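*Asks:* Okay, here's the structure, questions in a sec.
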Amino acid sequence: MFSHTLPKIALPATLFVNNKRLLLPFLLLCCLAYPPIRDITLASMSDAFFQVSVFVAATLFIYYYAIDRLPQLELGYLSQKSPLLEVSFASFLGALPGCGGAIIVVTQFTKGQASFGSVVAVLTATMGDAAFLLLATKPIEGLLIMAIGLSVGVISGSLVNAFHDKDYLRPEKNDFCDDCLNSPSRAIIFSKSVWQIILIPSVIIAVLIALNTDFNAINNTLADSITVFGAVMALLAVTTWALSSKGQSYQEITSEEETINPPSKLYKVLQDTHFVTAWVVASFMLFELLVTFAGVDLKAWFTHYAYLAPLIAVAIGFLPGCGPQIVVTTLYIQGIIPFSALAANAISNDGDALFPAIAMAPRAALVATAYSAIPAMFVGYGLYFYGV
């Protein structure tokens, strides 16, 4: 298909045997070195950083430091006070733009601090990073989708807790977990110094991107510089993630790292952010390559099969990551799909939170995702037949 040959990059095979996580940054470097897909790779990595990593880091930073001063925000505390209060707060975290809230609830579920109903609630309520795009372009519809997700999340989570024990499908505690302590690696120490410098400027750029700012209209060099900067930061995050674990077993590849000794909230924020970034970059790359070379045309699907729009939107919602969901939101903004399809997708999709959910609690993640399809179909086709 391509006229070029892949670049020859020599790396000892034993390196990947010892740490399979290193395969991801290695493959990214290969894609960057391969001219036909270099631009796609740069754009995908930059989008992953500015659309996901920056907002996840900011969300986790605020939450972890808020927990220090407001321990009442712990879902375990809320669950003891009232199961409805716990599910409502989980839904609220999910309804917030981005995937940070959903990741927090999934993590607390694996630690025994949240119920299975709260996982269903947060995954049902979350729209992921597509919410930023919708709020920036159609704020009224964005707020309406958030309200629908919040309401459906509370109802779904409460019903699940009524039929299932709060410990339903909770995985066994990981062998290397947050109760274990580990000295910070050189990679994350270096990453910390970089993040301390670039976080605020990155948040500003990310917000401007979410507001649909066209940097190319301002200056092409500026736009290219931002893309390269985002790609470099994504590569730094992925590489730090790869070097933060032995990466030998499946659990070590897909689970979060041990807590640093002494415990540090800033390091914890960076660990979680790097973990999510690695999965998001992989999903963004896969999606872009499928669109570019496999001819995936969502616009044609929705145009020719309007009555199937909510069903297709629900099916796309099952795909991990925010890339496909951002496409669905873009199609709505362009007037290609109805609001009913957007609502169905928003309820069924779990955004980037599905990656760590599958890694930490695969059975719970799959069942919760399947449960979210029920209200997604109900709301989607209810709005469709209502003419919305």
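Going through the structure tokens in order, the chains are called A, B, and so on, while each chain numbers its residues from 1 and the ligands are numbered from 1 in the order shown.
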What's around stretch 111-117 of chain A at 7 Å? Count only C-alpha atoms, leave out sequence neighbours fewer than 6 positions away in its own chain, and write the answer as a PyMOL selection string.
*Replies:* chain A and resi 75-76+87+105+157-158+160-161+166-168
*Asks:* Would you pick out the contacts of A:Ala147 at 12 Å or less, using only C-alpha atoms, so that residues sharing its chain but fewer than 2 positions from it are not included, and give the list as a list of chain:residue names?
*Replies:*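 Residues meeting the cut-off are A:Ser91, A:Phe92, A:Gly94, A:Ala95, A:Leu96, A:Pro97, A:Thr124, A:Ala125, A:Thr126, A:Met127, A:Ala131, A:Ile140, A:Glu141, A:Gly142, A:Leu143, A:Leu144, A:Ile145, A:Gly149, A:Leu150, A:Ser151, A:Val152, A:Gly153, A:Val154, A:Ala343, A:Ala346, A:Ile347.
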*Asks:* For those residues, write N, CA, C and O atoms to a file as a compact mmCIF listing (two decimals), in the first residue's frame.
*Replies:*
# COMPACT_ATOMS: atom_id res chain seq x y z
N SER A 91 -22.53 9.80 39.85
CA SER A 91 -23.13 10.30 38.61
C SER A 91 -22.68 11.72 38.32
O SER A 91 -22.42 12.08 37.17
N PHE A 92 -22.57 12.54 39.37
CA PHE A 92 -22.11 13.91 39.20
C PHE A 92 -20.67 13.93 38.67
O PHE A 92 -20.35 14.70 37.76
N GLY A 94 -19.28 11.62 36.94
CA GLY A 94 -19.32 11.15 35.56
C GLY A 94 -19.84 12.21 34.61
O GLY A 94 -19.38 12.30 33.47
N ALA A 95 -20.80 13.02 35.05
CA ALA A 95 -21.39 14.04 34.18
C ALA A 95 -20.42 15.18 33.89
O ALA A 95 -20.59 15.90 32.90
N LEU A 96 -19.41 15.36 34.74
CA LEU A 96 -18.43 16.40 34.50
C LEU A 96 -17.67 16.11 33.21
O LEU A 96 -17.39 14.95 32.90
N PRO A 97 -17.34 17.13 32.42
CA PRO A 97 -16.58 16.91 31.18
C PRO A 97 -15.25 16.21 31.47
O PRO A 97 -14.63 16.43 32.50
N THR A 124 -22.45 5.42 33.02
CA THR A 124 -23.65 5.84 32.30
C THR A 124 -23.70 7.35 32.14
O THR A 124 -24.09 7.87 31.09
N ALA A 125 -23.28 8.06 33.17
CA ALA A 125 -23.38 9.52 33.16
C ALA A 125 -22.29 10.19 32.35
O ALA A 125 -22.48 11.30 31.84
N THR A 126 -21.14 9.52 32.18
CA THR A 126 -20.02 10.20 31.54
C THR A 126 -20.17 10.28 30.03
O THR A 126 -20.65 9.36 29.38
N MET A 127 -19.76 11.41 29.48
CA MET A 127 -19.69 11.61 28.04
C MET A 127 -18.25 11.72 27.60
O MET A 127 -17.93 11.78 26.42
N ALA A 131 -17.63 15.98 25.68
CA ALA A 131 -18.44 17.01 26.33
C ALA A 131 -17.81 18.40 26.17
O ALA A 131 -18.52 19.40 26.04
N ILE A 140 -25.97 24.96 25.23
CA ILE A 140 -27.29 24.56 25.74
C ILE A 140 -27.48 23.05 25.61
O ILE A 140 -27.89 22.37 26.57
N GLU A 141 -27.16 22.52 24.43
CA GLU A 141 -27.26 21.07 24.24
C GLU A 141 -26.27 20.33 25.13
O GLU A 141 -26.55 19.25 25.63
N GLY A 142 -25.09 20.94 25.33
CA GLY A 142 -24.10 20.33 26.20
C GLY A 142 -24.59 20.18 27.62
O GLY A 142 -24.45 19.12 28.25
N LEU A 143 -25.17 21.24 28.16
CA LEU A 143 -25.72 21.19 29.52
C LEU A 143 -26.89 20.22 29.60
O LEU A 143 -27.07 19.53 30.61
N LEU A 144 -27.70 20.15 28.53
CA LEU A 144 -28.84 19.23 28.52
C LEU A 144 -28.35 17.78 28.54
O LEU A 144 -28.92 16.95 29.27
N ILE A 145 -27.32 17.48 27.76
CA ILE A 145 -26.77 16.12 27.75
C ILE A 145 -26.20 15.77 29.12
O ILE A 145 -26.38 14.64 29.62
N GLY A 149 -27.49 12.70 31.36
CA GLY A 149 -26.54 11.69 31.85
C GLY A 149 -26.57 11.57 33.36
O GLY A 149 -26.55 10.46 33.91
N LEU A 150 -26.64 12.71 34.04
CA LEU A 150 -26.69 12.71 35.50
C LEU A 150 -27.95 12.00 36.00
O LEU A 150 -27.88 11.14 36.89
N SER A 151 -29.10 12.32 35.42
CA SER A 151 -30.37 11.72 35.84
C SER A 151 -30.40 10.22 35.57
O SER A 151 -30.77 9.43 36.45
N VAL A 152 -30.02 9.84 34.35
CA VAL A 152 -30.03 8.42 33.99
C VAL A 152 -29.01 7.65 34.83
O VAL A 152 -29.25 6.51 35.23
N GLY A 153 -27.88 8.28 35.14
CA GLY A 153 -26.86 7.64 35.97
C GLY A 153 -27.37 7.34 37.37
O GLY A 153 -27.15 6.24 37.90
N VAL A 154 -28.06 8.30 37.98
CA VAL A 154 -28.60 8.11 39.32
C VAL A 154 -29.62 6.97 39.32
O VAL A 154 -29.60 6.08 40.19
N ALA A 343 -27.57 11.62 22.33
CA ALA A 343 -27.91 11.24 23.71
C ALA A 343 -27.64 9.76 23.94
O ALA A 343 -27.11 9.36 24.99
N ALA A 346 -23.92 9.31 24.25
CA ALA A 346 -23.41 9.88 25.50
C ALA A 346 -23.66 8.94 26.68
O ALA A 346 -22.83 8.82 27.58
N ILE A 347 -24.80 8.27 26.68
CA ILE A 347 -25.14 7.36 27.78
C ILE A 347 -24.38 6.05 27.67
O ILE A 347 -23.90 5.50 28.68
*Asks:* Tell me which of A:His164, A:Tyr332, A:Val106, A:Ala294 sits closest to A:Pro356, counting only C-alpha atoms.
*Replies:*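 With only C-alpha atoms as the atom set, the closest residue is A:Val106.
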*Asks:* Which value, in Å to one decimal, gives the distance between atom CA of A:Thr240 and atom CA of A:Ile37?
*Replies:*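 Separation between atom CA of A:Thr240 and atom CA of A:Ile37: 23.7 Å.
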*Asks:* Could you tell me how far atom CA of A:Ala210 sits from atom CA of A:Pro375, in Å to one decimal place?
*Replies:*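 Separating atom CA of A:Pro375 from atom CA of A:Ala210 is a distance of 28.1 Å.
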*Asks:* Could you name the residues that touch A:Phe49 at 8 Å or less, counting only C-alpha atoms, but leaving out those on the same chain fewer than 5 positions away, as a list in words?
*Replies:* Val54, Gly230, Ala231, Met233, Ala234 and Thr277 of chain A
*Asks:* Measure the distance from atom CA of A:Tyr267 to atom CA of A:Ala282 in Å and round it to one decimal.
*Replies:* 22.8 Å
*Asks:* Any idea what's packed within 9 Å of stretch 379-384 of chain A, counting only C-alpha atoms, ignoring anything in its chain fewer than 3 positions away? Could you give it as a count of residues only?
*Replies:* 21
*Asks:* Among stretch 144-360 of chain A, which ones does DSSP assign to alpha helix (DSSP H) (computed from the backbone)? Answer as a PyMOL selection string.
*Replies:* chain A and resi 144-163+186-210+215-218+220-243+250-254+265-293+298-304+309-317+323-333+339-348+354-360
*Asks:* Quick one: of A:Ile204, A:Val232, A:Leu289, A:Leu123, who's nearest to A:Ile40, counting only C-alpha atoms?
*Replies:*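 Checking each of A:Ile204, A:Val232, A:Leu289, A:Leu123 against A:Ile40, counting only C-alpha atoms, the winner is A:Leu289.
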*Asks:* Extract, using only C-alpha atoms, all DNA, RNA and protein residues at most 8 Å from A:Thr107, discarding same-chain residues fewer than 3 positions from it, and format them as number ranges by chain.
*Replies:* A: 103-104, 110-111, 357, 360
*Asks:* Excluding same-chain residues fewer than 3 positions from A:Gln51, what lies within 12 Å of it counting only C-alpha atoms, as a PyMOL selection string?
*Replies:* chain A and resi 43-48+54-58+97-99+128-133+202-212+227+230-231+234+277+280-281+284+321-323+326+351-352
*Asks:* Given the choices A:Leu266, A:Ala370, A:Ala365, A:Val327, which gets closest to A:Val291 if the distance is worked out from only C-alpha atoms?
*Replies:*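 With only C-alpha atoms as the atom set, the closest residue is A:Val327.
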*Asks:* Using only C-alpha atoms, pick whichever of A:Ala187, A:Ile312, A:Met285, A:Ile226 has the shortest atom-to-atom distance to A:Cys31.
*Replies:*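 Among A:Ala187, A:Ile312, A:Met285, A:Ile226, it is A:Met285 that comes nearest to A:Cys31.
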